[in-house]
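So this one's query-v9.cif, mmCIF, C-alpha atoms:
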data_structure
loop_
_atom_site.label_atom_id
_atom_site.label_comp_id
_atom_site.auth_asym_id
_atom_site.auth_seq_id
_atom_site.Cartn_x
_atom_site.Cartn_y
_atom_site.Cartn_z
CA MET A 316 -31.87 0.52 -2.96
CA VAL A 317 -28.49 -1.02 -2.24
CA ASP A 318 -27.67 -1.75 1.40
CA GLN A 319 -24.06 -1.85 2.46
CA ILE A 320 -22.20 -4.18 4.75
CA GLN A 321 -19.15 -2.55 6.22
CA PHE A 322 -16.19 -4.32 7.70
CA PHE A 323 -12.89 -3.01 8.91
CA CYS A 324 -9.53 -4.44 8.01
CA TYR A 325 -6.19 -3.56 9.53
CA ASN A 326 -3.90 -1.58 7.29
CA GLN A 327 -0.38 -0.72 8.40
CA PHE A 328 -0.53 2.70 6.81
CA ILE A 329 -3.87 4.03 7.92
CA ASP A 330 -4.66 1.94 11.03
CA LEU A 331 -8.20 1.02 10.04
CA LYS A 332 -9.55 1.20 6.55
CA CYS A 333 -13.24 0.87 5.89
CA CYS A 334 -14.08 -1.56 3.13
CA THR A 335 -17.61 -1.89 1.84
CA LEU A 336 -19.32 -4.83 0.20
CA LYS A 337 -22.47 -3.84 -1.64
CA CYS A 338 -25.34 -6.19 -1.02
CA GLU A 339 -28.63 -6.09 -2.93
CA ASN A 340 -30.68 -7.79 -0.24
CA ILE A 341 -29.35 -7.66 3.31
CA GLU A 342 -32.26 -9.82 4.51
CA GLN A 343 -30.86 -12.74 2.50
CA LEU A 344 -27.74 -12.71 4.64
CA GLN A 345 -29.67 -12.29 7.86
CA GLU A 346 -31.85 -15.30 7.02
CA GLY A 347 -28.77 -17.50 6.98
CA ASN A 348 -28.31 -17.86 3.22
CA ILE A 349 -24.62 -18.39 2.59
CA MET A 350 -22.72 -16.55 -0.09
CA ILE A 351 -19.06 -17.29 -0.70
CA ILE A 352 -16.94 -14.16 -0.41
CA THR A 353 -15.64 -14.54 -3.96
CA ASP A 354 -19.28 -14.40 -5.09
CA PHE A 355 -19.54 -10.92 -3.54
CA LEU A 356 -16.54 -9.84 -5.60
CA GLU A 357 -17.89 -11.29 -8.84
CA ARG A 358 -21.37 -9.85 -8.29
CA ASN A 359 -20.00 -6.41 -7.42
CA ALA A 360 -17.72 -6.52 -10.48
CA ARG A 361 -20.72 -7.41 -12.65
CA GLU A 362 -23.16 -4.89 -11.13
CA PHE A 363 -20.79 -2.05 -10.18
CA PRO A 364 -17.76 -2.48 -12.49
CA ASN A 365 -16.75 1.19 -12.46
CA ASP A 366 -17.36 1.89 -8.78
CA ILE A 367 -14.31 2.20 -6.55
CA ALA A 368 -13.67 -0.99 -4.58
CA LEU A 369 -10.33 -0.41 -2.86
CA VAL A 370 -8.48 2.75 -1.86
CA GLU A 371 -4.95 3.16 -0.55
CA ILE A 372 -4.10 6.52 0.98
CA ASN A 373 -0.66 7.91 1.89
CA PRO A 374 1.25 4.72 2.64
CA GLU A 375 4.46 6.68 3.27
CA ILE A 376 2.96 9.06 5.82
CA LYS A 377 3.39 8.03 9.45
CA GLU A 378 0.56 9.00 11.75
CA ASP A 379 1.43 11.34 14.59
CA ARG A 380 -1.49 10.13 16.67
CA ARG A 381 -3.62 7.02 16.90
CA VAL A 382 -7.12 7.32 15.54
CA THR A 383 -10.09 5.05 15.81
CA TRP A 384 -12.10 4.08 12.75
CA LYS A 385 -14.69 6.70 13.70
CA GLU A 386 -12.07 9.48 13.56
CA PHE A 387 -10.36 8.31 10.37
CA GLU A 388 -10.70 10.61 7.38
CA LEU A 389 -10.73 9.28 3.83
CA ILE A 390 -9.63 12.67 2.52
CA GLU A 391 -6.17 13.70 3.63
CA PRO A 392 -6.05 17.38 4.69
CA ASN A 393 -2.40 17.96 3.68
CA PRO A 394 -2.24 18.46 -0.13
CA LYS A 395 1.59 18.52 -0.15
CA THR A 396 1.78 14.88 0.78
CA SER A 397 -1.45 13.55 -0.69
CA TYR A 398 -1.36 10.10 -2.22
CA ARG A 399 -4.23 8.00 -3.41
CA ARG A 400 -4.46 4.78 -5.40
CA GLU A 401 -7.72 3.09 -6.12
CA ILE A 402 -9.14 0.26 -8.18
CA THR A 403 -12.67 -0.47 -9.31
CA TRP A 404 -14.66 -3.64 -8.72
CA GLY A 405 -14.10 -4.62 -12.35
CA VAL A 406 -10.32 -4.25 -12.11
CA PHE A 407 -10.25 -5.95 -8.71
CA ASN A 408 -12.07 -8.99 -10.11
CA GLU A 409 -9.89 -9.04 -13.25
CA LYS A 410 -6.69 -9.05 -11.18
CA ALA A 411 -8.05 -11.79 -8.91
CA ASN A 412 -8.98 -13.88 -11.97
CA ARG A 413 -5.55 -13.41 -13.53
CA PHE A 414 -3.82 -14.52 -10.35
CA ALA A 415 -6.18 -17.48 -9.99
CA ASN A 416 -5.35 -18.53 -13.56
CA LEU A 417 -1.63 -18.21 -12.86
CA LEU A 418 -1.98 -20.50 -9.85
CA LEU A 419 -4.08 -23.01 -11.80
CA GLN A 420 -1.44 -23.07 -14.56
CA ARG A 421 1.15 -23.85 -11.87
CA GLY A 422 -0.88 -26.84 -10.71
CA VAL A 423 -2.62 -25.38 -7.67
CA LYS A 424 -5.76 -27.30 -6.81
CA LYS A 425 -8.54 -27.21 -4.27
CA GLY A 426 -7.23 -27.66 -0.74
CA ASP A 427 -3.65 -26.55 -1.48
CA LYS A 428 -2.24 -23.98 0.94
CA VAL A 429 -0.89 -20.74 -0.51
CA ALA A 430 0.96 -18.37 1.81
CA ILE A 431 1.01 -14.62 1.11
CA LEU A 432 4.00 -12.58 2.24
CA MET A 433 3.36 -9.02 1.15
CA MET A 434 2.95 -5.56 2.58
CA ASN A 435 -0.62 -4.41 3.15
CA GLY A 436 -1.76 -2.56 0.07
CA LEU A 437 -3.92 -2.67 -3.05
CA GLU A 438 -2.08 -5.68 -4.45
CA TRP A 439 -2.76 -7.90 -1.44
CA LEU A 440 -6.55 -8.37 -1.74
CA PRO A 441 -6.68 -9.38 -5.44
CA ILE A 442 -4.04 -12.02 -4.69
CA TYR A 443 -6.00 -13.23 -1.66
CA PHE A 444 -9.21 -13.47 -3.70
CA GLY A 445 -7.34 -15.15 -6.56
CA ILE A 446 -6.20 -17.85 -4.16
CA LEU A 447 -9.76 -18.35 -2.91
CA LYS A 448 -11.09 -18.57 -6.47
CA THR A 449 -8.88 -21.62 -7.13
CA GLY A 450 -10.32 -23.40 -4.10
CA ALA A 451 -6.97 -23.20 -2.34
CA LEU A 452 -6.56 -21.98 1.22
CA ALA A 453 -4.93 -18.59 1.80
CA VAL A 454 -2.33 -18.43 4.57
CA PRO A 455 -1.51 -14.76 5.26
CA LEU A 456 1.91 -14.17 6.82
CA ASN A 457 2.84 -11.10 8.83
CA PHE A 458 5.12 -8.83 6.80
CA ARG A 459 7.14 -8.13 9.95
CA TYR A 460 8.33 -11.75 10.24
CA SER A 461 12.04 -12.46 10.11
CA ALA A 462 13.37 -15.12 7.73
CA GLU A 463 13.34 -17.70 10.53
CA GLU A 464 9.74 -16.88 11.48
CA ILE A 465 8.68 -17.17 7.84
CA GLU A 466 10.35 -20.57 7.62
CA TYR A 467 8.69 -21.71 10.84
CA CYS A 468 5.20 -20.63 9.70
CA VAL A 469 5.58 -22.08 6.20
CA ASN A 470 6.59 -25.43 7.67
CA LEU A 471 4.01 -25.39 10.47
CA ALA A 472 1.15 -24.58 8.06
CA GLU A 473 2.47 -27.11 5.52
CA VAL A 474 2.25 -24.49 2.80
CA ASP A 475 2.41 -25.69 -0.81
CA ILE A 476 3.19 -22.30 -2.37
CA LEU A 477 4.72 -19.10 -1.02
CA VAL A 478 3.71 -15.90 -2.83
CA PHE A 479 5.90 -12.94 -1.92
CA SER A 480 6.63 -9.46 -3.22
CA ASN A 481 10.05 -8.10 -4.11
CA ALA A 482 10.28 -6.39 -0.70
CA PHE A 483 10.85 -9.87 0.79
CA ILE A 484 13.40 -11.29 -1.66
CA GLY A 485 16.22 -10.95 0.88
CA ARG A 486 14.36 -12.78 3.63
CA VAL A 487 13.15 -15.53 1.30
CA GLU A 488 16.63 -15.99 -0.21
CA GLU A 489 17.99 -16.68 3.29
CA ILE A 490 15.68 -19.66 3.69
CA ALA A 491 14.96 -20.67 0.08
CA ASP A 492 17.12 -23.79 0.20
CA ARG A 493 15.31 -25.05 3.28
CA ILE A 494 11.73 -24.21 2.25
CA SER A 495 11.76 -24.80 -1.52
CA LYS A 496 11.75 -28.60 -1.39
CA GLY A 497 8.32 -29.59 -2.65
CA ARG A 498 7.14 -25.98 -2.64
CA LEU A 499 6.68 -23.41 -5.33
CA LEU A 500 7.96 -19.91 -4.58
CA ILE A 501 6.27 -17.17 -6.62
#

Could you render the structure from this file as structure tokens?
Amino acid sequence: MVDQIQFFCYNQFIDLKCCTLKCENIEQLQEGNIMIITDFLERNAREFPNDIALVEINPEIKEDRRVTWKEFELIEPNPKTSYRREITWGVFNEKANRFANLLLQRGVKKGDKVAILMMNGLEWLPIYFGILKTGALAVPLNFRYSAEEIEYCVNLAEVDILVFSNAFIGRVEEIADRISKGRLLI
């Protein structure tokens, strides 16, 4: 029997989204045995490659009321506006590996700091795990930051690489001259 460890992560679109890590032996974790989080991903990809790992639901729909995680529904009741994207453990691990290889080809090494400036969505977690797989440190940045706040955080954290999505090109362009010295912008 497979036990499940559930944790909740903030998602701008759905308030709280339940993510589940499948764990063969929950007692192992309770006894203090340490397992690196990327090991969970690789094991789940190996043992459950076709099971759904991540789900994104209706990112364009604004909630009309606040709900707690207990009230949140994974199935949207309004079929006119339904939206669902999902990836399996196998695809999740493959995307994380591809991003890790990209970073390694760009010279990222253990201990480097890689900032992530992206909206919350399915693309974010494979990038985060890809960073961790290289041995680098992930530095998540709030997508609501202005250009000046991004610059401040990048400098304060002494980030080596800034990974950003096309939604942030304008903000990054404003500060690119000041933050690109000695840094790689992807």

Taking the file as I've supplied it (selection: the PyMOL selection byres ((chain A and resi 472-481) around 6)), which residues are included? Please answer as a PDB file with C-alpha atoms, in the coordinates of the input.
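Below you can see out.pdb, which holds the result:
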ATOM      1  CA  LYS A 428      -2.240 -23.980   0.940  1.00  0.00           C
ATOM      2  CA  VAL A 429      -0.890 -20.740  -0.510  1.00  0.00           C
ATOM      3  CA  ALA A 430       0.960 -18.370   1.810  1.00  0.00           C
ATOM      4  CA  ILE A 431       1.010 -14.620   1.110  1.00  0.00           C
ATOM      5  CA  LEU A 432       4.000 -12.580   2.240  1.00  0.00           C
ATOM      6  CA  MET A 433       3.360  -9.020   1.150  1.00  0.00           C
ATOM      7  CA  CYS A 468       5.200 -20.630   9.700  1.00  0.00           C
ATOM      8  CA  VAL A 469       5.580 -22.080   6.200  1.00  0.00           C
ATOM      9  CA  ASN A 470       6.590 -25.430   7.670  1.00  0.00           C
ATOM     10  CA  LEU A 471       4.010 -25.390  10.470  1.00  0.00           C
ATOM     11  CA  ALA A 482      10.280  -6.390  -0.700  1.00  0.00           C
ATOM     12  CA  PHE A 483      10.850  -9.870   0.790  1.00  0.00           C
ATOM     13  CA  ILE A 484      13.400 -11.290  -1.660  1.00  0.00           C
ATOM     14  CA  ARG A 498       7.140 -25.980  -2.640  1.00  0.00           C
ATOM     15  CA  LEU A 499       6.680 -23.410  -5.330  1.00  0.00           C
ATOM     16  CA  LEU A 500       7.960 -19.910  -4.580  1.00  0.00           C
ATOM     17  CA  ILE A 501       6.270 -17.170  -6.620  1.00  0.00           C
TER      18      ILE A 501
END

If the PyMOL selection byres ((chain A and resi 437) around 9) is run on the structure shown, which residues does it catch, given as a PyMOL selection string? chain A and resi 369-371+400-402+435-436+438-441

Determine the residue set returned by the PyMOL selection byres ((chain A and resi 489) around 12) for the present structure, and present it as a PDB file with C-alpha atoms, keeping the file's coordinate frame.
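Result saved to expr01.pdb:
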ATOM      1  CA  SER A 461      12.040 -12.460  10.110  1.00  0.00           C
ATOM      2  CA  ALA A 462      13.370 -15.120   7.730  1.00  0.00           C
ATOM      3  CA  GLU A 463      13.340 -17.700  10.530  1.00  0.00           C
ATOM      4  CA  GLU A 464       9.740 -16.880  11.480  1.00  0.00           C
ATOM      5  CA  ILE A 465       8.680 -17.170   7.840  1.00  0.00           C
ATOM      6  CA  GLU A 466      10.350 -20.570   7.620  1.00  0.00           C
ATOM      7  CA  PHE A 483      10.850  -9.870   0.790  1.00  0.00           C
ATOM      8  CA  ILE A 484      13.400 -11.290  -1.660  1.00  0.00           C
ATOM      9  CA  GLY A 485      16.220 -10.950   0.880  1.00  0.00           C
ATOM     10  CA  ARG A 486      14.360 -12.780   3.630  1.00  0.00           C
ATOM     11  CA  VAL A 487      13.150 -15.530   1.300  1.00  0.00           C
ATOM     12  CA  GLU A 488      16.630 -15.990  -0.210  1.00  0.00           C
ATOM     13  CA  ILE A 490      15.680 -19.660   3.690  1.00  0.00           C
ATOM     14  CA  ALA A 491      14.960 -20.670   0.080  1.00  0.00           C
ATOM     15  CA  ASP A 492      17.120 -23.790   0.200  1.00  0.00           C
ATOM     16  CA  ARG A 493      15.310 -25.050   3.280  1.00  0.00           C
ATOM     17  CA  ILE A 494      11.730 -24.210   2.250  1.00  0.00           C
ATOM     18  CA  SER A 495      11.760 -24.800  -1.520  1.00  0.00           C
TER      19      SER A 495
END

For A:Asn416, which residue among A:Lys496, A:Arg358, A:Arg459, A:Lys448 is the nearest when counting all atoms listed in the file? A:Lys448

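The space separating atom CA of A:Asp427 from atom CA of A:Thr403 comes to 28.7 Å.
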
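Coordinates place atom CA of A:Asn412 at a distance of 25.2 Å from atom CA of A:Gly497.
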
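Computed from the coordinates, the atom CA of A:Asn408 to atom CA of A:Phe444 distance equals 8.3 Å.
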
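When the distance limit is 9 Å and all atoms listed in the file are what count, the residues near A:Leu447, minus those fewer than 5 positions from it on the same chain, are Ile352, Thr353, Ala415, Ile442, Leu452 and Ala453 of chain A.
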
Find the residue from A:Ala360, A:Ala451, A:Glu409, A:Asn457 that sits nearest to A:Gly422; use only C-alpha atoms when measuring. A:Ala451

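Nearest to A:Tyr460 of all the residues A:Glu362, A:Met434, A:Phe355, A:Arg399 is A:Met434, based on all atoms listed in the file.
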